Amino acid sequence: MKEATYIIGSIPFEKWIERYKAVEHLVITGVVDMQTFETIAKAFDYTLFKRITLDGVKTKEESDNDSSDERHSYENEIIAHLYSMDESILYPLTKMYLNSDCGNGEFIVLDNDILSADKKTLIHTPEEKTLTIRDGIERIGKFACSDYGETTHLTLCEGLKEIGDYAFAYSCVEEVYMPNSLTTLGSEAFRSTDIEKVKFSENLSNIPDGCFAYTFLEQIELPNSVKSIGNEAFARTRIDCIFLPEGVETIDWNAFDFLMQIYLPSTLKHIASDFYYEAGIDLENYPPYVRIHPDNPVFYAKEGTLYFRENDKCALDSVYNQRKEW
């Protein structure tokens, strides 16, 4: 396999490829600013190669900042663009960079998909209305299929174990049926999609931050394997009533919006006082009507409000105000 190295930013990629037309294994290295990197990423045709190696690729902004507290994160820049609904900048080269180890990584190109060297992680696949994740994939990388405006139908392969952060965020996926092999969901994995129905894997332990925020879900049935529900996990959905199964131990802030009724299990150990969305700061808070399993050792419910057993103090930001009975 013929190999050649491209020093990113040294010359335009279009000119470089004219000199190395027969290259099958491309090695990319170098330090450039984000704007230059995106210009190259836009022009980069990954289908010309069988193997692509990132060897110390860095954006200049990250290279110039050594402090982890002050490091300018290219990933955060990508997220900001997604949130602002700007023109997509998630080119295949960008996805490889985001799924690399500090700008170092080995990737292969197979049937127009970009995979990790062991063929177990999907980094990029072309957008299609009906998207099927190929057999053998165990992990879907970060941002792999995000901002896909044409993809409405998604089929996940059996054997899939993990879906990365923002993997399908801002896509038009309408339904998700998870194989029971799936154990890990990434933060914001399905944020701002058109999802109306989800069949969860029976082996998920966590619904992470923002995972299904801003979707069209009206009801869900979580499996008994789920132990924690993250911040804004189901924020801005249409779920107004939910029965949480035994096994759930933790519910974080704004996990749900505009809830009217909720039943909590005996296993619950922690619940954020603002686990439900609060109205504007000048309006009265409206907690949902709460019931809880009588055997819960930490909390009890009375007249729709949740209290701590140890001191009888309200566990929520405000008490239930008779807005609507269970």
# chains A, B, ... in the order shown; residues from 1 in each chain; ligands from 1
$ residues_around --residues "A:Ala213" --least-positions-apart "4" --cutoff "7 Å" --atoms "only C-alpha atoms" --output "list of chain:residue names"
A:Arg191, A:Ser192, A:Glu232, A:Ala233, A:Phe234, A:Ala235, A:Arg236, A:Thr237
$ closest_atom_pairs --of "stretch 10-129 of chain A" --to "stretch 160-164 of chain A" --cutoff "12 Å" --atoms "only C-alpha atoms" --output "Markdown table"
| residue | atom | partner | partner_atom | distance |
| --- | --- | --- | --- | --- |
| A:Lys95 | CA | A:Gly164 | CA | 11.9 |
| A:Leu98 | CA | A:Gly164 | CA | 11.2 |
| A:Asn99 | CA | A:Gly164 | CA | 9.6 |
| A:Lys120 | CA | A:Leu160 | CA | 9.1 |
| A:Thr121 | CA | A:Glu162 | CA | 9.2 |
| A:Leu122 | CA | A:Ile163 | CA | 9.7 |
| A:Ile123 | CA | A:Gly164 | CA | 10.0 |
$ atom_distance --atom1 "atom CA of A:Tyr20" --atom2 "atom CA of A:Ser116"
23.7 Å
$ residues_around --residues "A:Phe256" --least-positions-apart "2" --cutoff "12 Å" --atoms "only C-alpha atoms" --output "PyMOL selection string"
chain A and resi 209-215+217-220+229-242+251-254+258-262+271-272+274-278+287-288
$ closest_residue --among "A:Glu188, A:Leu264, A:Thr305, A:Lys227" --to "A:Leu244" --atoms "only C-alpha atoms"
A:Leu264
$ closest_residue --among "A:Leu156, A:Val23, A:Gly103, A:Arg51" --to "A:Lys119" --atoms "only C-alpha atoms"
A:Arg51
$ residues_around --residues "stretch 33-38 of chain A" --least-positions-apart "3" --cutoff "7 Å" --atoms "only C-alpha atoms" --output "ChimeraX atom specification"
/A:9,41-42,59-61
$ write_last_selection --atoms "all heavy atoms" --output "mmCIF file, in the first residue's frame"
data_model
loop_
_atom_site.group_PDB
_atom_site.id
_atom_site.type_symbol
_atom_site.label_atom_id
_atom_site.label_comp_id
_atom_site.auth_asym_id
_atom_site.auth_seq_id
_atom_site.Cartn_x
_atom_site.Cartn_y
_atom_site.Cartn_z
ATOM 1 N N GLY A 9 -1.885 22.270 5.813
ATOM 2 C CA GLY A 9 -1.671 23.698 5.719
ATOM 3 C C GLY A 9 -0.433 24.098 4.939
ATOM 4 O O GLY A 9 -0.235 25.283 4.660
ATOM 5 N N ALA A 41 -10.752 20.551 5.507
ATOM 6 C CA ALA A 41 -11.736 19.493 5.739
ATOM 7 C C ALA A 41 -12.848 19.536 4.699
ATOM 8 O O ALA A 41 -13.335 18.492 4.249
ATOM 9 C CB ALA A 41 -12.319 19.627 7.143
ATOM 10 N N LYS A 42 -13.248 20.718 4.312
ATOM 11 C CA LYS A 42 -14.316 20.866 3.319
ATOM 12 C C LYS A 42 -13.893 20.319 1.956
ATOM 13 O O LYS A 42 -14.693 19.717 1.233
ATOM 14 C CB LYS A 42 -14.709 22.338 3.201
ATOM 15 C CG LYS A 42 -15.894 22.586 2.287
ATOM 16 C CD LYS A 42 -16.297 24.052 2.306
ATOM 17 C CE LYS A 42 -17.529 24.291 1.436
ATOM 18 N NZ LYS A 42 -17.958 25.717 1.471
ATOM 19 N N THR A 59 -5.066 21.822 16.214
ATOM 20 C CA THR A 59 -5.457 23.174 15.855
ATOM 21 C C THR A 59 -4.556 24.127 16.626
ATOM 22 O O THR A 59 -4.173 23.855 17.762
ATOM 23 C CB THR A 59 -6.925 23.445 16.210
ATOM 24 O OG1 THR A 59 -7.106 23.329 17.620
ATOM 25 C CG2 THR A 59 -7.837 22.459 15.497
ATOM 26 N N LYS A 60 -4.188 25.234 16.005
ATOM 27 C CA LYS A 60 -3.239 26.166 16.612
ATOM 28 C C LYS A 60 -3.762 26.699 17.935
ATOM 29 O O LYS A 60 -3.000 26.895 18.884
ATOM 30 C CB LYS A 60 -2.967 27.325 15.652
ATOM 31 C CG LYS A 60 -1.828 28.236 16.076
ATOM 32 C CD LYS A 60 -1.549 29.276 15.009
ATOM 33 C CE LYS A 60 -0.306 30.096 15.365
ATOM 34 N NZ LYS A 60 -0.476 30.837 16.635
ATOM 35 N N GLU A 61 -5.082 26.900 18.032
ATOM 36 C CA GLU A 61 -5.655 27.432 19.267
ATOM 37 C C GLU A 61 -5.397 26.497 20.436
ATOM 38 O O GLU A 61 -5.101 26.929 21.545
ATOM 39 C CB GLU A 61 -7.164 27.658 19.086
ATOM 40 C CG GLU A 61 -7.508 28.826 18.190
ATOM 41 C CD GLU A 61 -7.468 28.456 16.701
ATOM 42 O OE1 GLU A 61 -7.038 27.324 16.370
ATOM 43 O OE2 GLU A 61 -7.853 29.285 15.880
#
$ residues_around --residues "A:Val248" --least-positions-apart "3" --cutoff "10 Å" --atoms "only C-alpha atoms" --output "MDAnalysis selection string"
chainID A and resid 205:206 222:229 244:245 251 264:270
$ write_last_selection --atoms "all heavy atoms" --output "short mmCIF file (atom, residue, chain, number, x, y, z; two decimals), in the first residue's frame"
data_model
loop_
_atom_site.label_atom_id
_atom_site.label_comp_id
_atom_site.auth_asym_id
_atom_site.auth_seq_id
_atom_site.Cartn_x
_atom_site.Cartn_y
_atom_site.Cartn_z
N SER A 205 -27.60 1.49 31.85
CA SER A 205 -27.57 1.87 33.27
C SER A 205 -27.75 3.37 33.46
O SER A 205 -28.05 3.81 34.57
CB SER A 205 -26.24 1.42 33.90
OG SER A 205 -25.14 2.05 33.25
N ASN A 206 -27.59 4.15 32.39
CA ASN A 206 -27.62 5.59 32.54
C ASN A 206 -28.25 6.25 31.31
O ASN A 206 -27.95 5.88 30.18
CB ASN A 206 -26.18 6.11 32.72
CG ASN A 206 -26.12 7.63 32.78
OD1 ASN A 206 -26.96 8.26 33.42
ND2 ASN A 206 -25.12 8.21 32.13
N LEU A 222 -38.80 3.10 30.69
CA LEU A 222 -37.40 2.81 30.98
C LEU A 222 -37.25 1.39 31.52
O LEU A 222 -38.11 0.92 32.29
CB LEU A 222 -36.84 3.80 32.00
CG LEU A 222 -36.74 5.26 31.55
CD1 LEU A 222 -36.23 6.13 32.69
CD2 LEU A 222 -35.83 5.40 30.34
N PRO A 223 -36.17 0.71 31.17
CA PRO A 223 -35.95 -0.64 31.70
C PRO A 223 -35.46 -0.60 33.15
O PRO A 223 -34.97 0.44 33.63
CB PRO A 223 -34.86 -1.19 30.78
CG PRO A 223 -34.10 0.02 30.33
CD PRO A 223 -35.13 1.11 30.20
N ASN A 224 -35.57 -1.72 33.84
CA ASN A 224 -35.15 -1.79 35.24
C ASN A 224 -33.65 -1.64 35.42
O ASN A 224 -33.17 -1.43 36.54
CB ASN A 224 -35.58 -3.13 35.85
CG ASN A 224 -37.09 -3.24 35.98
OD1 ASN A 224 -37.77 -2.24 36.09
ND2 ASN A 224 -37.61 -4.45 35.95
N SER A 225 -32.90 -1.71 34.32
CA SER A 225 -31.44 -1.60 34.40
C SER A 225 -30.98 -0.17 34.65
O SER A 225 -29.86 0.06 35.12
CB SER A 225 -30.80 -2.12 33.11
OG SER A 225 -31.29 -1.39 31.98
N VAL A 226 -31.83 0.82 34.34
CA VAL A 226 -31.44 2.22 34.46
C VAL A 226 -31.32 2.63 35.92
O VAL A 226 -32.25 2.48 36.70
CB VAL A 226 -32.44 3.14 33.73
CG1 VAL A 226 -32.14 4.61 34.04
CG2 VAL A 226 -32.38 2.90 32.24
N LYS A 227 -30.14 3.19 36.28
CA LYS A 227 -29.90 3.63 37.65
C LYS A 227 -29.87 5.15 37.77
O LYS A 227 -30.17 5.69 38.84
CB LYS A 227 -28.58 3.05 38.16
CG LYS A 227 -28.57 1.54 38.30
CD LYS A 227 -27.29 1.04 38.93
CE LYS A 227 -27.29 -0.47 39.08
NZ LYS A 227 -28.39 -0.94 39.96
N SER A 228 -29.52 5.85 36.69
CA SER A 228 -29.41 7.30 36.79
C SER A 228 -29.97 7.98 35.56
O SER A 228 -29.88 7.47 34.44
CB SER A 228 -27.95 7.73 37.00
OG SER A 228 -27.15 7.33 35.89
N ILE A 229 -30.57 9.16 35.79
CA ILE A 229 -31.12 10.00 34.73
C ILE A 229 -30.44 11.35 34.86
O ILE A 229 -30.55 12.02 35.88
CB ILE A 229 -32.65 10.13 34.86
CG1 ILE A 229 -33.30 8.74 34.79
CG2 ILE A 229 -33.20 11.04 33.78
CD1 ILE A 229 -34.78 8.75 35.08
N LEU A 244 -41.43 5.68 36.99
CA LEU A 244 -40.03 5.24 36.95
C LEU A 244 -39.89 3.88 37.61
O LEU A 244 -40.42 3.65 38.71
CB LEU A 244 -39.13 6.25 37.64
CG LEU A 244 -39.04 7.63 36.95
CD1 LEU A 244 -38.11 8.54 37.73
CD2 LEU A 244 -38.55 7.47 35.52
N PRO A 245 -39.17 2.97 36.98
CA PRO A 245 -39.10 1.59 37.48
C PRO A 245 -38.17 1.45 38.68
O PRO A 245 -37.32 2.32 38.95
CB PRO A 245 -38.54 0.84 36.28
CG PRO A 245 -37.66 1.84 35.60
CD PRO A 245 -38.39 3.15 35.74
N ILE A 251 -31.76 11.14 40.00
CA ILE A 251 -32.39 11.98 38.99
C ILE A 251 -31.80 13.38 39.15
O ILE A 251 -31.87 13.97 40.23
CB ILE A 251 -33.93 12.04 39.15
CG1 ILE A 251 -34.51 10.63 39.14
CG2 ILE A 251 -34.55 12.88 38.04
CD1 ILE A 251 -35.99 10.59 39.46
N LEU A 264 -42.13 7.60 41.80
CA LEU A 264 -40.72 7.32 42.08
C LEU A 264 -40.57 5.96 42.77
O LEU A 264 -41.43 5.57 43.56
CB LEU A 264 -40.14 8.42 42.97
CG LEU A 264 -40.23 9.84 42.39
CD1 LEU A 264 -39.82 10.86 43.44
CD2 LEU A 264 -39.35 9.96 41.15
N PRO A 265 -39.47 5.25 42.50
CA PRO A 265 -39.29 3.89 43.04
C PRO A 265 -38.69 3.87 44.44
O PRO A 265 -38.18 4.87 44.94
CB PRO A 265 -38.32 3.27 42.02
CG PRO A 265 -37.46 4.42 41.61
CD PRO A 265 -38.39 5.62 41.55
N SER A 266 -38.70 2.69 45.03
CA SER A 266 -38.13 2.52 46.38
C SER A 266 -36.62 2.64 46.35
O SER A 266 -35.99 2.89 47.37
CB SER A 266 -38.53 1.14 46.94
OG SER A 266 -37.90 0.10 46.20
N THR A 267 -36.01 2.48 45.18
CA THR A 267 -34.54 2.50 45.06
C THR A 267 -33.96 3.90 44.97
O THR A 267 -32.74 4.07 45.03
CB THR A 267 -34.11 1.71 43.81
OG1 THR A 267 -34.85 2.21 42.68
CG2 THR A 267 -34.38 0.23 43.98
N LEU A 268 -34.80 4.93 44.84
CA LEU A 268 -34.31 6.30 44.65
C LEU A 268 -33.51 6.77 45.87
O LEU A 268 -33.97 6.71 47.00
CB LEU A 268 -35.48 7.26 44.42
CG LEU A 268 -35.08 8.68 44.04
CD1 LEU A 268 -34.48 8.72 42.64
CD2 LEU A 268 -36.28 9.62 44.13
N LYS A 269 -32.27 7.27 45.59
CA LYS A 269 -31.40 7.75 46.65
C LYS A 269 -31.17 9.26 46.59
O LYS A 269 -30.95 9.91 47.60
CB LYS A 269 -30.04 7.05 46.57
CG LYS A 269 -30.10 5.54 46.78
CD LYS A 269 -28.72 4.93 46.63
CE LYS A 269 -28.77 3.41 46.82
NZ LYS A 269 -27.42 2.79 46.66
N HIS A 270 -31.21 9.81 45.36
CA HIS A 270 -30.97 11.25 45.19
C HIS A 270 -31.87 11.78 44.09
O HIS A 270 -32.03 11.17 43.04
CB HIS A 270 -29.51 11.52 44.79
CG HIS A 270 -29.30 12.91 44.27
ND1 HIS A 270 -29.20 14.01 45.09
CD2 HIS A 270 -29.19 13.38 42.99
CE1 HIS A 270 -29.05 15.09 44.34
NE2 HIS A 270 -29.03 14.74 43.07
#
$ residues_around --residues "stretch 165-169 of chain A" --least-positions-apart "3" --cutoff "8 Å" --atoms "only C-alpha atoms" --output "ChimeraX atom specification"
/A:140-148,173,185-193
$ write_last_selection --atoms "N, CA, C and O atoms" --output "PDB file, in the first residue's frame"
ATOM      1  N   ILE A 140     -20.532   3.720  17.967  1.00  0.00           N
ATOM      2  CA  ILE A 140     -20.741   4.821  17.039  1.00  0.00           C
ATOM      3  C   ILE A 140     -20.050   6.038  17.631  1.00  0.00           C
ATOM      4  O   ILE A 140     -20.336   6.441  18.755  1.00  0.00           O
ATOM      5  N   GLY A 141     -19.109   6.610  16.891  1.00  0.00           N
ATOM      6  CA  GLY A 141     -18.273   7.677  17.404  1.00  0.00           C
ATOM      7  C   GLY A 141     -19.003   8.982  17.645  1.00  0.00           C
ATOM      8  O   GLY A 141     -20.146   9.193  17.217  1.00  0.00           O
ATOM      9  N   LYS A 142     -18.334   9.892  18.309  1.00  0.00           N
ATOM     10  CA  LYS A 142     -18.881  11.219  18.580  1.00  0.00           C
ATOM     11  C   LYS A 142     -19.191  11.944  17.274  1.00  0.00           C
ATOM     12  O   LYS A 142     -18.386  11.921  16.338  1.00  0.00           O
ATOM     13  N   PHE A 143     -20.360  12.551  17.205  1.00  0.00           N
ATOM     14  CA  PHE A 143     -20.780  13.367  16.067  1.00  0.00           C
ATOM     15  C   PHE A 143     -20.894  12.580  14.756  1.00  0.00           C
ATOM     16  O   PHE A 143     -21.030  13.174  13.687  1.00  0.00           O
ATOM     17  N   ALA A 144     -20.860  11.254  14.812  1.00  0.00           N
ATOM     18  CA  ALA A 144     -20.773  10.445  13.590  1.00  0.00           C
ATOM     19  C   ALA A 144     -21.897  10.745  12.603  1.00  0.00           C
ATOM     20  O   ALA A 144     -21.668  10.807  11.396  1.00  0.00           O
ATOM     21  N   CYS A 145     -23.108  10.900  13.089  1.00  0.00           N
ATOM     22  CA  CYS A 145     -24.269  11.117  12.202  1.00  0.00           C
ATOM     23  C   CYS A 145     -25.070  12.338  12.630  1.00  0.00           C
ATOM     24  O   CYS A 145     -26.275  12.416  12.382  1.00  0.00           O
ATOM     25  N   SER A 146     -24.429  13.286  13.259  1.00  0.00           N
ATOM     26  CA  SER A 146     -25.155  14.466  13.723  1.00  0.00           C
ATOM     27  C   SER A 146     -25.424  15.430  12.575  1.00  0.00           C
ATOM     28  O   SER A 146     -24.707  15.452  11.574  1.00  0.00           O
ATOM     29  N   ASP A 147     -26.488  16.192  12.727  1.00  0.00           N
ATOM     30  CA  ASP A 147     -26.878  17.201  11.752  1.00  0.00           C
ATOM     31  C   ASP A 147     -27.219  16.600  10.388  1.00  0.00           C
ATOM     32  O   ASP A 147     -26.983  17.219   9.353  1.00  0.00           O
ATOM     33  N   TYR A 148     -27.762  15.381  10.402  1.00  0.00           N
ATOM     34  CA  TYR A 148     -28.203  14.737   9.158  1.00  0.00           C
ATOM     35  C   TYR A 148     -29.661  15.116   8.912  1.00  0.00           C
ATOM     36  O   TYR A 148     -30.565  14.525   9.498  1.00  0.00           O
ATOM     37  N   VAL A 173     -34.047  11.811  12.726  1.00  0.00           N
ATOM     38  CA  VAL A 173     -34.451  10.458  13.111  1.00  0.00           C
ATOM     39  C   VAL A 173     -35.754  10.512  13.894  1.00  0.00           C
ATOM     40  O   VAL A 173     -35.916  11.322  14.804  1.00  0.00           O
ATOM     41  N   LEU A 185     -24.909   5.122  26.393  1.00  0.00           N
ATOM     42  CA  LEU A 185     -25.338   6.242  25.549  1.00  0.00           C
ATOM     43  C   LEU A 185     -24.490   7.455  25.892  1.00  0.00           C
ATOM     44  O   LEU A 185     -24.191   7.715  27.059  1.00  0.00           O
ATOM     45  N   GLY A 186     -24.112   8.229  24.877  1.00  0.00           N
ATOM     46  CA  GLY A 186     -23.330   9.438  25.101  1.00  0.00           C
ATOM     47  C   GLY A 186     -24.213  10.631  25.409  1.00  0.00           C
ATOM     48  O   GLY A 186     -25.405  10.658  25.095  1.00  0.00           O
ATOM     49  N   SER A 187     -23.619  11.643  26.006  1.00  0.00           N
ATOM     50  CA  SER A 187     -24.337  12.881  26.287  1.00  0.00           C
ATOM     51  C   SER A 187     -24.858  13.484  24.991  1.00  0.00           C
ATOM     52  O   SER A 187     -24.171  13.469  23.967  1.00  0.00           O
ATOM     53  N   GLU A 188     -26.072  13.998  25.030  1.00  0.00           N
ATOM     54  CA  GLU A 188     -26.698  14.681  23.898  1.00  0.00           C
ATOM     55  C   GLU A 188     -26.802  13.799  22.648  1.00  0.00           C
ATOM     56  O   GLU A 188     -26.959  14.311  21.525  1.00  0.00           O
ATOM     57  N   ALA A 189     -26.747  12.492  22.803  1.00  0.00           N
ATOM     58  CA  ALA A 189     -26.673  11.593  21.645  1.00  0.00           C
ATOM     59  C   ALA A 189     -27.824  11.771  20.667  1.00  0.00           C
ATOM     60  O   ALA A 189     -27.647  11.669  19.448  1.00  0.00           O
ATOM     61  N   PHE A 190     -29.036  12.053  21.172  1.00  0.00           N
ATOM     62  CA  PHE A 190     -30.201  12.222  20.299  1.00  0.00           C
ATOM     63  C   PHE A 190     -30.865  13.584  20.508  1.00  0.00           C
ATOM     64  O   PHE A 190     -32.048  13.762  20.238  1.00  0.00           O
ATOM     65  N   ARG A 191     -30.108  14.541  20.963  1.00  0.00           N
ATOM     66  CA  ARG A 191     -30.643  15.877  21.228  1.00  0.00           C
ATOM     67  C   ARG A 191     -31.208  16.501  19.947  1.00  0.00           C
ATOM     68  O   ARG A 191     -30.644  16.391  18.859  1.00  0.00           O
ATOM     69  N   SER A 192     -32.344  17.171  20.086  1.00  0.00           N
ATOM     70  CA  SER A 192     -32.952  17.937  18.990  1.00  0.00           C
ATOM     71  C   SER A 192     -33.171  17.103  17.732  1.00  0.00           C
ATOM     72  O   SER A 192     -32.911  17.552  16.613  1.00  0.00           O
ATOM     73  N   THR A 193     -33.651  15.888  17.924  1.00  0.00           N
ATOM     74  CA  THR A 193     -34.062  15.053  16.807  1.00  0.00           C
ATOM     75  C   THR A 193     -35.591  15.043  16.731  1.00  0.00           C
ATOM     76  O   THR A 193     -36.263  15.621  17.575  1.00  0.00           O
TER      77      THR A 193
END
$ residues_around --residues "A:Leu54" --least-positions-apart "5" --cutoff "12 Å" --atoms "only C-alpha atoms" --output "ChimeraX atom specification"
/A:5-8,25-31,93-108,116-117
$ atom_distance --atom1 "atom CA of A:Ala315" --atom2 "atom CA of A:Phe299"
8.0 Å
$ select_by_dssp --residues "stretch 83-245 of chain A" --states "alpha helix (DSSP H)" --output "list in words"
Tyr83, Pro92, Leu93, Thr94, Lys95, Met96, Tyr97 and Leu98 of chain A
